[in-house]
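Engineer: mmCIF, C-alpha atoms and all ligand atoms, saved as model_15.cif, coming up:
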data_final
#
loop_
_atom_site.group_PDB
_atom_site.id
_atom_site.type_symbol
_atom_site.label_atom_id
_atom_site.label_comp_id
_atom_site.auth_asym_id
_atom_site.auth_seq_id
_atom_site.Cartn_x
_atom_site.Cartn_y
_atom_site.Cartn_z
ATOM 1 C CA MET A 9 133.961 96.562 92.808
ATOM 2 C CA ASN A 10 133.275 98.565 95.959
ATOM 3 C CA LYS A 11 134.365 97.078 99.173
ATOM 4 C CA GLN A 12 131.702 96.627 101.809
ATOM 5 C CA ILE A 13 132.117 99.240 104.500
ATOM 6 C CA PRO A 14 131.466 98.702 108.158
ATOM 7 C CA LEU A 15 128.315 100.476 109.298
ATOM 8 C CA THR A 16 129.344 101.859 112.625
ATOM 9 C CA GLY A 17 126.876 104.608 113.570
ATOM 10 C CA SER A 18 126.248 108.246 112.731
ATOM 11 C CA SER A 19 128.658 109.541 115.387
ATOM 12 C CA ASP A 20 131.380 108.556 112.905
ATOM 13 C CA LEU A 21 130.052 110.823 110.168
ATOM 14 C CA ILE A 22 132.099 113.612 108.688
ATOM 15 C CA LEU A 23 130.962 116.386 106.338
ATOM 16 C CA PHE A 24 132.962 116.504 103.115
ATOM 17 C CA TYR A 25 132.458 119.634 101.017
ATOM 18 C CA GLU A 26 133.574 120.235 97.474
ATOM 19 C CA GLN A 27 135.380 123.418 96.553
ATOM 20 C CA GLY A 28 132.918 126.064 95.405
ATOM 21 C CA THR A 29 130.120 125.149 97.825
ATOM 22 C CA ASP A 30 128.777 127.924 100.032
ATOM 23 C CA PRO A 31 131.074 128.180 103.117
ATOM 24 C CA GLY A 32 128.249 129.598 105.263
ATOM 25 C CA TYR A 33 126.038 126.632 104.404
ATOM 26 C CA VAL A 34 128.887 124.197 105.188
ATOM 27 C CA ARG A 35 129.435 125.899 108.563
ATOM 28 C CA ASP A 36 125.702 125.867 109.442
ATOM 29 C CA LEU A 37 125.313 122.191 108.523
ATOM 30 C CA ALA A 38 128.415 121.169 110.461
ATOM 31 C CA GLN A 39 127.258 123.118 113.494
ATOM 32 C CA LYS A 40 123.723 121.799 113.360
ATOM 33 C CA LEU A 41 124.818 118.183 112.984
ATOM 34 C CA ASN A 42 127.862 118.602 115.203
ATOM 35 C CA LEU A 43 130.172 117.091 112.587
ATOM 36 C CA PRO A 44 133.814 117.606 111.710
ATOM 37 C CA VAL A 45 134.361 118.956 108.180
ATOM 38 C CA THR A 46 136.897 118.232 105.513
ATOM 39 C CA SER A 47 137.499 119.193 101.919
ATOM 40 C CA ASP A 48 139.738 116.153 101.489
ATOM 41 C CA CYS A 49 137.807 113.345 99.811
ATOM 42 C CA SER A 50 140.159 110.578 100.931
ATOM 43 C CA GLU A 51 139.838 111.666 104.556
ATOM 44 C CA ALA A 52 136.036 111.468 104.162
ATOM 45 C CA GLN A 53 136.254 108.045 102.522
ATOM 46 C CA ALA A 54 138.343 106.773 105.406
ATOM 47 C CA HIS A 55 135.244 107.308 107.576
ATOM 48 C CA GLY A 56 133.270 104.775 105.531
ATOM 49 C CA ILE A 57 130.028 106.711 105.466
ATOM 50 C CA PHE A 58 130.064 110.482 105.169
ATOM 51 C CA LEU A 59 127.923 113.426 104.185
ATOM 52 C CA GLN A 60 128.926 115.054 100.933
ATOM 53 C CA LEU A 61 128.050 118.590 99.934
ATOM 54 C CA ASP A 62 128.663 119.184 96.244
ATOM 55 C CA GLN A 63 127.214 121.350 93.478
ATOM 56 C CA GLU A 64 124.083 119.191 93.403
ATOM 57 C CA GLY A 65 123.439 119.497 97.121
ATOM 58 C CA LEU A 66 123.799 117.274 100.152
ATOM 59 C CA ALA A 67 124.099 113.484 99.938
ATOM 60 C CA LEU A 68 124.924 110.561 102.157
ATOM 61 C CA ALA A 69 127.906 108.749 100.669
ATOM 62 C CA GLY A 70 129.591 105.424 101.228
ATOM 63 C CA ASN A 71 129.730 101.919 99.917
ATOM 64 C CA GLY A 72 130.411 103.499 96.509
ATOM 65 C CA GLN A 73 126.886 104.970 96.582
ATOM 66 C CA LEU A 74 125.409 108.423 96.878
ATOM 67 C CA LEU A 75 122.005 108.753 98.460
ATOM 68 C CA ARG A 76 120.460 112.143 97.830
ATOM 69 C CA ALA A 77 116.933 113.253 98.621
ATOM 70 C CA ASP A 78 115.585 114.562 95.336
ATOM 71 C CA LEU A 79 112.050 115.719 94.720
ATOM 72 C CA THR A 80 112.497 116.624 91.047
ATOM 73 C CA HIS A 81 112.164 112.989 89.953
ATOM 74 C CA MET A 82 108.608 113.151 91.325
ATOM 75 C CA LEU A 83 107.567 115.745 88.725
ATOM 76 C CA PRO A 84 105.820 113.305 86.346
ATOM 77 C CA ARG A 85 103.723 112.018 89.266
ATOM 78 C CA LEU A 86 102.591 115.561 90.056
ATOM 79 C CA ARG A 87 100.904 116.094 86.676
ATOM 80 C CA GLN A 88 97.214 116.545 87.464
ATOM 81 C CA ASP A 89 95.979 113.417 85.670
ATOM 82 C CA ASN A 90 98.652 111.286 87.349
ATOM 83 C CA LEU A 91 98.245 112.959 90.732
ATOM 84 C CA ASN A 92 94.536 112.185 90.888
ATOM 85 C CA ARG A 93 95.345 108.511 90.390
ATOM 86 C CA GLU A 94 97.916 108.402 93.196
ATOM 87 C CA LEU A 95 96.693 106.010 95.897
ATOM 88 C CA LEU A 96 97.923 108.300 98.655
ATOM 89 C CA VAL A 97 96.023 111.279 97.246
ATOM 90 C CA ARG A 98 92.866 109.193 96.955
ATOM 91 C CA ALA A 99 93.362 107.858 100.483
ATOM 92 C CA ALA A 100 93.864 111.313 102.005
ATOM 93 C CA LYS A 101 91.218 113.177 100.033
ATOM 94 C CA LEU A 102 88.543 114.707 102.276
ATOM 95 C CA LYS A 103 85.058 114.734 100.854
ATOM 96 C CA HIS A 104 83.152 118.046 100.632
ATOM 97 C CA PHE A 105 86.053 119.961 102.193
ATOM 98 C CA THR A 106 86.425 123.644 101.465
ATOM 99 C CA GLY A 107 89.586 125.625 102.156
ATOM 100 C CA THR A 108 93.125 124.332 102.494
ATOM 101 C CA PRO A 109 93.271 121.030 104.350
ATOM 102 C CA SER A 110 96.168 120.520 106.688
ATOM 103 C CA ALA A 111 98.263 117.360 106.901
ATOM 104 C CA VAL A 112 100.958 116.203 109.260
ATOM 105 C CA ASP A 113 103.455 113.762 107.805
ATOM 106 C CA ALA A 114 104.646 112.145 111.021
ATOM 107 C CA THR A 115 107.407 110.108 109.350
ATOM 108 C CA ALA A 116 108.769 112.420 106.673
ATOM 109 C CA GLY A 117 111.826 110.498 105.400
ATOM 110 C CA PHE A 118 112.720 112.004 102.026
ATOM 111 C CA GLY A 119 109.400 113.835 101.758
ATOM 112 C CA GLU A 120 108.031 112.142 98.660
ATOM 113 C CA ASP A 121 104.655 111.304 100.149
ATOM 114 C CA ALA A 122 104.421 114.774 101.674
ATOM 115 C CA LEU A 123 105.129 116.260 98.250
ATOM 116 C CA LEU A 124 102.188 114.334 96.770
ATOM 117 C CA LEU A 125 99.914 115.679 99.515
ATOM 118 C CA ALA A 126 101.172 119.242 99.019
ATOM 119 C CA ALA A 127 100.633 118.930 95.254
ATOM 120 C CA ALA A 128 97.083 117.770 95.996
ATOM 121 C CA GLY A 129 96.476 121.038 97.872
ATOM 122 C CA PHE A 130 97.311 120.156 101.489
ATOM 123 C CA SER A 131 99.512 122.353 103.602
ATOM 124 C CA VAL A 132 101.892 119.787 105.044
ATOM 125 C CA THR A 133 103.983 119.829 108.202
ATOM 126 C CA LEU A 134 106.701 117.205 107.977
ATOM 127 C CA PHE A 135 108.275 115.736 111.100
ATOM 128 C CA GLU A 136 111.601 113.946 110.786
ATOM 129 C CA ARG A 137 113.437 112.909 113.914
ATOM 130 C CA ASP A 138 116.704 111.665 112.439
ATOM 131 C CA PRO A 139 118.930 114.759 112.161
ATOM 132 C CA VAL A 140 120.861 113.467 109.128
ATOM 133 C CA ILE A 141 117.714 112.480 107.211
ATOM 134 C CA ALA A 142 116.203 115.838 108.214
ATOM 135 C CA ALA A 143 119.299 117.605 106.826
ATOM 136 C CA LEU A 144 119.070 115.657 103.537
ATOM 137 C CA LEU A 145 115.356 116.435 103.287
ATOM 138 C CA GLY A 146 115.879 120.095 104.199
ATOM 139 C CA ASP A 147 118.501 120.389 101.469
ATOM 140 C CA SER A 148 116.196 118.755 98.950
ATOM 141 C CA LEU A 149 113.332 121.128 99.842
ATOM 142 C CA ARG A 150 115.724 124.083 99.533
ATOM 143 C CA ARG A 151 116.729 122.965 96.028
ATOM 144 C CA ALA A 152 113.136 122.178 95.019
ATOM 145 C CA ALA A 153 112.060 125.688 96.037
ATOM 146 C CA SER A 154 114.065 127.088 93.141
ATOM 147 C CA VAL A 155 112.614 124.692 90.548
ATOM 148 C CA PRO A 156 109.769 126.631 88.870
ATOM 149 C CA GLU A 157 107.453 123.594 88.557
ATOM 150 C CA LEU A 158 107.930 122.730 92.248
ATOM 151 C CA SER A 159 108.232 126.043 94.052
ATOM 152 C CA ALA A 160 104.507 126.622 94.672
ATOM 153 C CA VAL A 161 104.023 123.072 95.932
ATOM 154 C CA VAL A 162 107.097 123.182 98.162
ATOM 155 C CA SER A 163 105.919 126.479 99.663
ATOM 156 C CA ARG A 164 103.102 124.450 101.269
ATOM 157 C CA MET A 165 105.612 122.124 102.989
ATOM 158 C CA LYS A 166 107.163 122.931 106.356
ATOM 159 C CA LEU A 167 109.872 120.688 107.773
ATOM 160 C CA VAL A 168 110.205 120.297 111.518
ATOM 161 C CA GLU A 169 113.157 118.345 112.840
ATOM 162 C CA GLY A 170 111.858 116.397 115.796
ATOM 163 C CA ASP A 171 109.789 113.532 117.078
ATOM 164 C CA SER A 172 106.206 113.517 115.840
ATOM 165 C CA ILE A 173 105.082 111.353 118.747
ATOM 166 C CA GLN A 174 105.820 114.208 121.125
ATOM 167 C CA ALA A 175 104.395 116.773 118.732
ATOM 168 C CA LEU A 176 101.107 114.973 118.109
ATOM 169 C CA SER A 177 100.439 113.785 121.649
ATOM 170 C CA ARG A 178 97.872 115.556 123.745
ATOM 171 C CA GLY A 179 99.249 113.871 126.856
ATOM 172 C CA ASP A 180 97.319 114.369 130.091
ATOM 173 C CA THR A 181 96.798 118.068 129.597
ATOM 174 C CA GLY A 182 93.033 117.757 129.246
ATOM 175 C CA VAL A 183 93.126 120.098 126.239
ATOM 176 C CA ASP A 184 91.552 119.256 122.896
ATOM 177 C CA THR A 185 94.645 119.502 120.726
ATOM 178 C CA SER A 186 98.309 118.718 121.166
ATOM 179 C CA PRO A 187 100.090 121.615 122.891
ATOM 180 C CA VAL A 188 102.952 121.506 120.360
ATOM 181 C CA LEU A 189 100.679 121.599 117.323
ATOM 182 C CA SER A 190 98.460 124.241 118.839
ATOM 183 C CA ARG A 191 101.528 126.464 119.464
ATOM 184 C CA MET A 192 102.313 125.969 115.776
ATOM 185 C CA GLY A 193 98.719 126.869 114.868
ATOM 186 C CA ILE A 194 98.061 123.454 113.335
ATOM 187 C CA GLN A 195 94.995 121.262 113.683
ATOM 188 C CA PRO A 196 95.718 118.419 111.264
ATOM 189 C CA ASP A 197 92.891 117.171 109.089
ATOM 190 C CA VAL A 198 95.023 114.236 107.994
ATOM 191 C CA VAL A 199 97.952 112.486 109.665
ATOM 192 C CA LEU A 200 100.157 110.307 107.477
ATOM 193 C CA LEU A 201 102.165 107.471 109.021
ATOM 194 C CA ASP A 202 104.804 105.550 107.090
ATOM 195 C CA PRO A 203 106.965 103.874 109.679
ATOM 196 C CA MET A 204 107.892 101.033 107.389
ATOM 197 C CA PHE A 205 111.462 100.209 106.736
ATOM 198 C CA PRO A 206 112.343 100.881 103.080
ATOM 199 C CA ALA A 207 113.169 97.265 102.265
ATOM 200 C CA ARG A 208 110.389 96.921 99.724
ATOM 201 C CA GLN A 209 112.656 97.837 96.814
ATOM 202 C CA LYS A 210 113.803 94.708 95.053
ATOM 203 C CA SER A 211 116.877 95.659 93.011
ATOM 204 C CA ALA A 212 120.295 94.911 94.439
ATOM 205 C CA LEU A 213 121.445 98.461 93.731
ATOM 206 C CA VAL A 214 118.554 100.012 95.604
ATOM 207 C CA LYS A 215 119.024 97.561 98.455
ATOM 208 C CA LYS A 216 122.668 98.586 98.639
ATOM 209 C CA LYS A 217 121.708 102.255 98.654
ATOM 210 C CA PHE A 218 119.310 101.672 101.476
ATOM 211 C CA GLN A 219 122.084 100.134 103.552
ATOM 212 C CA LEU A 220 123.124 103.739 103.939
ATOM 213 C CA LEU A 221 119.712 104.633 105.326
ATOM 214 C CA HIS A 222 119.599 101.592 107.559
ATOM 215 C CA PHE A 223 122.848 102.843 109.016
ATOM 216 C CA LEU A 224 121.072 105.995 110.140
ATOM 217 C CA GLU A 225 117.575 104.854 110.784
ATOM 218 C CA PRO A 226 116.735 101.964 113.111
ATOM 219 C CA PRO A 227 113.487 100.140 112.334
ATOM 220 C CA CYS A 228 110.602 101.996 113.897
ATOM 221 C CA SER A 229 110.162 100.336 117.275
ATOM 222 C CA ASP A 230 107.462 102.615 118.643
ATOM 223 C CA GLU A 231 104.620 102.017 116.210
ATOM 224 C CA GLU A 232 102.047 101.764 118.991
ATOM 225 C CA ALA A 233 103.085 105.140 120.440
ATOM 226 C CA LEU A 234 103.071 106.673 116.953
ATOM 227 C CA LEU A 235 99.553 105.454 116.210
ATOM 228 C CA GLN A 236 98.259 106.546 119.624
ATOM 229 C CA ALA A 237 99.819 109.992 119.173
ATOM 230 C CA ALA A 238 98.201 110.316 115.736
ATOM 231 C CA ILE A 239 94.791 109.352 117.139
ATOM 232 C CA SER A 240 95.206 111.781 120.023
ATOM 233 C CA ALA A 241 95.731 114.680 117.600
ATOM 234 C CA ARG A 242 92.115 114.140 116.459
ATOM 235 C CA PRO A 243 92.513 114.324 112.695
ATOM 236 C CA ARG A 244 89.628 113.505 110.384
ATOM 237 C CA ARG A 245 91.719 110.762 108.826
ATOM 238 C CA ILE A 246 94.858 108.812 109.572
ATOM 239 C CA VAL A 247 96.461 107.368 106.471
ATOM 240 C CA ILE A 248 98.918 104.536 107.081
ATOM 241 C CA LYS A 249 101.309 103.285 104.405
ATOM 242 C CA ARG A 250 101.985 99.576 104.609
ATOM 243 C CA PRO A 251 103.674 96.900 102.492
ATOM 244 C CA VAL A 252 100.920 95.527 100.275
ATOM 245 C CA LYS A 253 100.716 92.235 102.124
ATOM 246 C CA GLY A 254 101.799 93.574 105.508
ATOM 247 C CA PRO A 255 99.685 93.406 108.654
ATOM 248 C CA PHE A 256 97.630 96.380 109.835
ATOM 249 C CA LEU A 257 99.696 98.787 111.922
ATOM 250 C CA CYS A 258 99.375 97.583 115.541
ATOM 251 C CA GLY A 259 96.592 95.268 114.332
ATOM 252 C CA LYS A 260 94.201 98.243 114.009
ATOM 253 C CA LYS A 261 91.520 97.510 111.418
ATOM 254 C CA PRO A 262 91.118 100.446 109.013
ATOM 255 C CA SER A 263 87.857 101.966 107.755
ATOM 256 C CA PHE A 264 89.048 101.096 104.243
ATOM 257 C CA SER A 265 92.242 100.284 102.332
ATOM 258 C CA LEU A 266 93.583 101.109 98.884
ATOM 259 C CA SER A 267 96.122 98.666 97.493
ATOM 260 C CA GLY A 268 98.670 99.033 94.716
ATOM 261 C CA LYS A 269 101.406 96.695 93.498
ATOM 262 C CA ALA A 270 103.866 97.311 96.321
ATOM 263 C CA VAL A 271 102.092 99.389 98.937
ATOM 264 C CA ARG A 272 98.740 99.640 100.616
ATOM 265 C CA TYR A 273 97.155 102.626 102.316
ATOM 266 C CA ASP A 274 95.013 101.829 105.342
ATOM 267 C CA VAL A 275 92.699 104.698 106.216
ATOM 268 C CA LEU A 276 91.140 105.347 109.613
ATOM 269 C CA VAL A 277 88.247 107.760 109.193
ATOM 270 C CA TYR A 278 87.260 109.603 112.380
ATOM 271 C CA ALA A 279 85.067 112.573 111.660
ATOM 272 C CA PRO A 280 82.366 113.536 109.194
ATOM 273 C CA GLU A 281 84.173 115.400 106.434
ATOM 274 C CA GLY A 282 82.493 118.569 105.391
HETATM 275 C C1 LIG B 1 109.859 104.857 105.718
HETATM 276 S S1 LIG B 1 110.496 106.442 106.035
HETATM 277 C C2 LIG B 1 109.251 107.505 105.399
HETATM 278 C C3 LIG B 1 109.354 107.730 103.905
HETATM 279 C C4 LIG B 1 108.441 108.839 103.451
HETATM 280 N N1 LIG B 1 107.056 108.429 103.510
HETATM 281 C C5 LIG B 1 108.799 109.325 102.068
HETATM 282 O O1 LIG B 1 107.885 109.511 101.232
HETATM 283 O O2 LIG B 1 109.985 109.556 101.789
HETATM 284 C C6 LIG B 1 110.253 106.640 107.754
HETATM 285 C C7 LIG B 1 110.891 107.907 108.304
HETATM 286 O O3 LIG B 1 110.203 108.274 109.478
HETATM 287 C C8 LIG B 1 111.118 108.748 110.438
HETATM 288 N N2 LIG B 1 110.461 108.552 111.738
HETATM 289 C C9 LIG B 1 110.076 107.381 112.325
HETATM 290 N N3 LIG B 1 109.444 107.640 113.482
HETATM 291 C C10 LIG B 1 109.404 108.988 113.624
HETATM 292 C C11 LIG B 1 108.884 109.870 114.629
HETATM 293 N N4 LIG B 1 108.291 109.394 115.724
HETATM 294 N N5 LIG B 1 109.019 111.215 114.447
HETATM 295 C C12 LIG B 1 109.630 111.704 113.337
HETATM 296 N N6 LIG B 1 110.173 110.910 112.370
HETATM 297 C C13 LIG B 1 110.055 109.585 112.513
HETATM 298 C C14 LIG B 1 112.359 107.885 110.227
HETATM 299 O O4 LIG B 1 113.528 108.536 110.729
HETATM 300 C C15 LIG B 1 112.356 107.762 108.710
HETATM 301 O O5 LIG B 1 113.109 108.787 108.108
#
With the file now loaded, output its structure as C-alpha cells.
Structural biologist:
Amino acid sequence: MNKQIPLTGSSDLILFYEQGTDPGYVRDLAQKLNLPVTSDCSEAQAHGIFLQLDQEGLALAGNGQLLRADLTHMLPRLRQDNLNRELLVRAAKLKHFTGTPSAVDATAGFGEDALLLAAAGFSVTLFERDPVIAALLGDSLRRAASVPELSAVVSRMKLVEGDSIQALSRGDTGVDTSPVLSRMGIQPDVVLLDPMFPARQKSALVKKKFQLLHFLEPPCSDEEALLQAAISARPRRIVIKRPVKGPFLCGKKPSFSLSGKAVRYDVLVYAPEG
C-alpha cells in the first residue's frame, strides 16, 4: 500500500535520473526547469513528487505512480478508418479546404488531441504553459519522432512552451492577426481549447494518477480570457472540448456540437470554409 504523499507544489520537485540516461539531456532538463538533480532514488522519494528520467523517458513520479506522456498508445486511434470516426477530427474538419490546414492547440496537456489533428493532416502548434507538463510532452514528442508509424505525424506538431492567451491575443494593436502568431508565420484555421480538468476518468487508479497532474496544474481559472484570445486570432473554427454534460464554455452557444460517451465538442464556426 502506498502512503499518501503531501502535494506541496512544483518548487519541491527534484529530477531523478537513472544510470545510463544521457547526461547532456539530464543537464538540459535540470537547467530548463531549474531543478536539483539526483541519481539516488531514495533522495528523490523523500521529495514526495519528483521527475524521473529512465530508459523509457521522462515521467512524473510519486504516490507510487508514474505518469508519463505517451503517444504510442494512440496508434490504434490513428488508423484511417478509426481516425475518420474520431469526434475531434469530425469537429475540426474544414469543408472544401485545399492545402494543409493549420491548428493551434491552446491547451496542449499531453498532446493526444493535437496528435489526432496532426494525423488528420493539420499542422499543429501546441501551447503548454506549465513547464513540467511541457517537459513531459516534449519528451513524449521526442520519443514518438523515432517511432516509424508516428514520425511523419509528429513532424507536423510544434510544441511551444508558453501561455496561449498571450500568443493568440491581438490586443489593441489594430492589426489583423496576433503579433506572436504572425511572427511565427501562423494564421490558425482551427483553434482547439480543452481547459477542462482531467477528472472525467472514473477508475480509482486513474484518479490517483491524476493527483500528480493536479499537483502541477491548477484548474483553468481564465476560461473567459482563453476564449476571447481564441476568437481574436480569427480562426475559421474554434473547437472546444467539454465534459459531455458540462455547460458551454463561458456560456457561449456553439454553432453545433458532437457528443460522445464522455466528452462533447462544441464548435464555433466563423468563416466560410473553402
Ligand atoms: C485538460 S489539459 C489538455 C489535455 C489535452 N487536450 C490532451 O489531449 O492531452 C489542459 C492543459 O492546458 C494547459 N493550459 C491551460 N491554460 C493554458 C494556456 N492559457 N496556455 C497554455 N496552456 C494552458 C494546462 O497546463 C493543461 O496542461
Engineer: Hey, which of A:Pro255, A:Pro139, A:Pro203, A:Pro31 ends up closest to ligand LIG 1 (chain B)? Count all atoms listed in the file.
Structural biologist: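 Distance minimum relative to ligand LIG 1 (chain B) lands on A:Pro203.
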Engineer: Kindly provide, as a ChimeraX atom specification, all nucleotide and amino acid residues lying within 7 Å of ligand LIG 1 (chain B), counting all atoms listed in the file.
Structural biologist: /A:114-122,135-138,141,170-173,202-206,225,228,234
Engineer: Could you spell out the hits of the PyMOL selection byres (((chain A and resi 200) around 7) and not hetatm) on the shown file, as a ChimeraX atom specification?
Structural biologist: /A:112-114,198-199,201-202,246-248
Engineer: For the point (106.7, 111.6, 90.9) in the file's frame, write as a list of chain:residue names all residues with an atom no more than 12 Å away, counting all atoms listed in the file.
Structural biologist: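 Checked against the point, the hits come out as A:Asp78, A:Leu79, A:Thr80, A:His81, A:Met82, A:Leu83, A:Pro84, A:Arg85, A:Leu86, A:Arg87, A:Gln88, A:Asn90, A:Leu91, A:Arg93, A:Glu94, A:Gly119, A:Glu120, A:Asp121, A:Ala122, A:Leu123, A:Leu124, A:Leu125, A:Ala127, A:Leu158.
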Engineer: By how many Å are CA of Val252 (chain A) and CA of Val97 (chain A) apart?
Structural biologist: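 That distance, rounded to one decimal, is 16.8 Å.
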Engineer: Which is closer to Tyr33 (chain A) than all the others in A:Arg150, A:Lys166, A:Arg242, A:Lys253, using only C-alpha atoms?
Structural biologist: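 Going through A:Arg150, A:Lys166, A:Arg242, A:Lys253 one by one, the smallest distance to Tyr33 (chain A) is for A:Arg150.
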Engineer: Select, from A:Leu176, A:Leu134, A:Leu144, A:Val271, the residue with the minimum atom-to-atom distance to Leu41 (chain A), counting all atoms listed in the file.
Structural biologist: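 Of A:Leu176, A:Leu134, A:Leu144, A:Val271, the one nearest Leu41 (chain A), counting all atoms listed in the file, is A:Leu144.
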Engineer: Can you measure CA of Ser154 (chain A) to CA of Ser131 (chain A) for me? One decimal in Å is fine.
Structural biologist: 18.5 Å
Engineer: Quote the spacing between CA of Val161 (chain A) and CA of Ala241 (chain A) in Å to one decimal place.
Structural biologist: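 Spanning CA of Val161 (chain A) to CA of Ala241 (chain A) is a straight-line distance of 24.7 Å.
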Engineer: Applying 10 Å and only C-alpha atoms, which residues near Glu232 (chain A) remain after dropping the ones on its own chain fewer than 5 positions away? List them as a PyMOL selection string.
Structural biologist: chain A and resi 237-238+257-260
Engineer: Go ahead and write the selection's residues with C-alpha atoms as a CSV table (one decimal), keeping the file's coordinate frame.
Structural biologist:
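File out16.csv, as written:
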chain,number,residue,atom,x,y,z
A,237,ALA,CA,99.8,110.0,119.2
A,238,ALA,CA,98.2,110.3,115.7
A,257,LEU,CA,99.7,98.8,111.9
A,258,CYS,CA,99.4,97.6,115.5
A,259,GLY,CA,96.6,95.3,114.3
A,260,LYS,CA,94.2,98.2,114.0
Engineer: So, with all atoms listed in the file as the atoms that count, which of A:Ile22, A:Ser110, A:Asp274, A:Leu221 lies closest to Gln73 (chain A)?
Structural biologist: A:Leu221
Engineer: Please check which residues have atoms at most 12 Å from (118.0, 126.9, 96.6) in the file's coordinates, counting all atoms listed in the file, and write them as a ChimeraX atom specification.
Structural biologist: /A:30,33,63-66,146-156,158-159,162
Engineer: Please list as a short mmCIF file (atom, residue, chain, number, x, y, z; two decimals) with C-alpha atoms, in the frame of the given file every residue within 12 Å of Thr46 (chain A), counting all atoms listed in the file and excluding residues in the same chain fewer than 4 positions away.
Structural biologist:
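Written output follows (out-v8.cif):
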data_model
loop_
_atom_site.label_atom_id
_atom_site.label_comp_id
_atom_site.auth_asym_id
_atom_site.auth_seq_id
_atom_site.Cartn_x
_atom_site.Cartn_y
_atom_site.Cartn_z
CA LEU A 21 130.05 110.82 110.17
CA ILE A 22 132.10 113.61 108.69
CA LEU A 23 130.96 116.39 106.34
CA PHE A 24 132.96 116.50 103.12
CA TYR A 25 132.46 119.63 101.02
CA GLU A 26 133.57 120.24 97.47
CA GLN A 27 135.38 123.42 96.55
CA PRO A 31 131.07 128.18 103.12
CA VAL A 34 128.89 124.20 105.19
CA ARG A 35 129.44 125.90 108.56
CA ALA A 38 128.42 121.17 110.46
CA SER A 50 140.16 110.58 100.93
CA GLU A 51 139.84 111.67 104.56
CA ALA A 52 136.04 111.47 104.16
CA GLN A 53 136.25 108.04 102.52
CA ALA A 54 138.34 106.77 105.41
CA HIS A 55 135.24 107.31 107.58
CA PHE A 58 130.06 110.48 105.17
CA LEU A 59 127.92 113.43 104.18
CA GLN A 60 128.93 115.05 100.93
CA LEU A 61 128.05 118.59 99.93
#
Engineer: Point out the residue among A:Val277, A:Ala126, A:Ser267, A:Gln174 with the least atom-to-atom distance to Leu95 (chain A), counting all atoms listed in the file.
Structural biologist: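 Selected residue with least distance to Leu95 (chain A): A:Ser267.
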Engineer: I'd like to know which of A:Leu220, A:Ile239, A:Val275, A:Ala143 is closest to Ser186 (chain A), using all atoms listed in the file.
Structural biologist: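 Residue with the minimum atom-to-atom distance to Ser186 (chain A): A:Ile239.
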Engineer: If you take every atom of region 148-161 of chain A that the file lists and fit an axis-aligned box around them with 5 Å extra on each side, what centre and edge lengths come out in Å to one decimal, as JSON?
Structural biologist:
{"center_x": 110.4, "center_y": 122.9, "center_z": 94.2, "size_x": 22.7, "size_y": 18.3, "size_z": 21.3}
Engineer: For region 228-239 of chain A, supply N, CA and C atoms and report the output as a compact mmCIF listing (two decimals), in the coordinates of the input.
Structural biologist:
# COMPACT_ATOMS: atom_id res chain seq x y z
N CYS A 228 111.47 101.28 112.96
CA CYS A 228 110.60 102.00 113.90
C CYS A 228 110.13 101.02 114.98
N SER A 229 110.49 101.29 116.21
CA SER A 229 110.16 100.34 117.28
C SER A 229 109.00 100.85 118.12
N ASP A 230 108.50 102.03 117.79
CA ASP A 230 107.46 102.62 118.64
C ASP A 230 106.19 102.88 117.85
N GLU A 231 105.80 101.86 117.07
CA GLU A 231 104.62 102.02 116.21
C GLU A 231 103.35 102.28 117.02
N GLU A 232 103.24 101.60 118.15
CA GLU A 232 102.05 101.76 118.99
C GLU A 232 101.95 103.23 119.47
N ALA A 233 103.08 103.75 119.94
CA ALA A 233 103.08 105.14 120.44
C ALA A 233 102.78 106.12 119.29
N LEU A 234 103.29 105.80 118.11
CA LEU A 234 103.07 106.67 116.95
C LEU A 234 101.58 106.70 116.59
N LEU A 235 100.98 105.52 116.55
CA LEU A 235 99.55 105.45 116.21
C LEU A 235 98.71 106.16 117.28
N GLN A 236 99.03 105.91 118.55
CA GLN A 236 98.26 106.55 119.62
C GLN A 236 98.39 108.06 119.56
N ALA A 237 99.60 108.54 119.27
CA ALA A 237 99.82 109.99 119.17
C ALA A 237 99.00 110.58 118.02
N ALA A 238 98.97 109.84 116.89
CA ALA A 238 98.20 110.32 115.74
C ALA A 238 96.71 110.38 116.09
N ILE A 239 96.21 109.36 116.76
CA ILE A 239 94.79 109.35 117.14
C ILE A 239 94.51 110.51 118.09
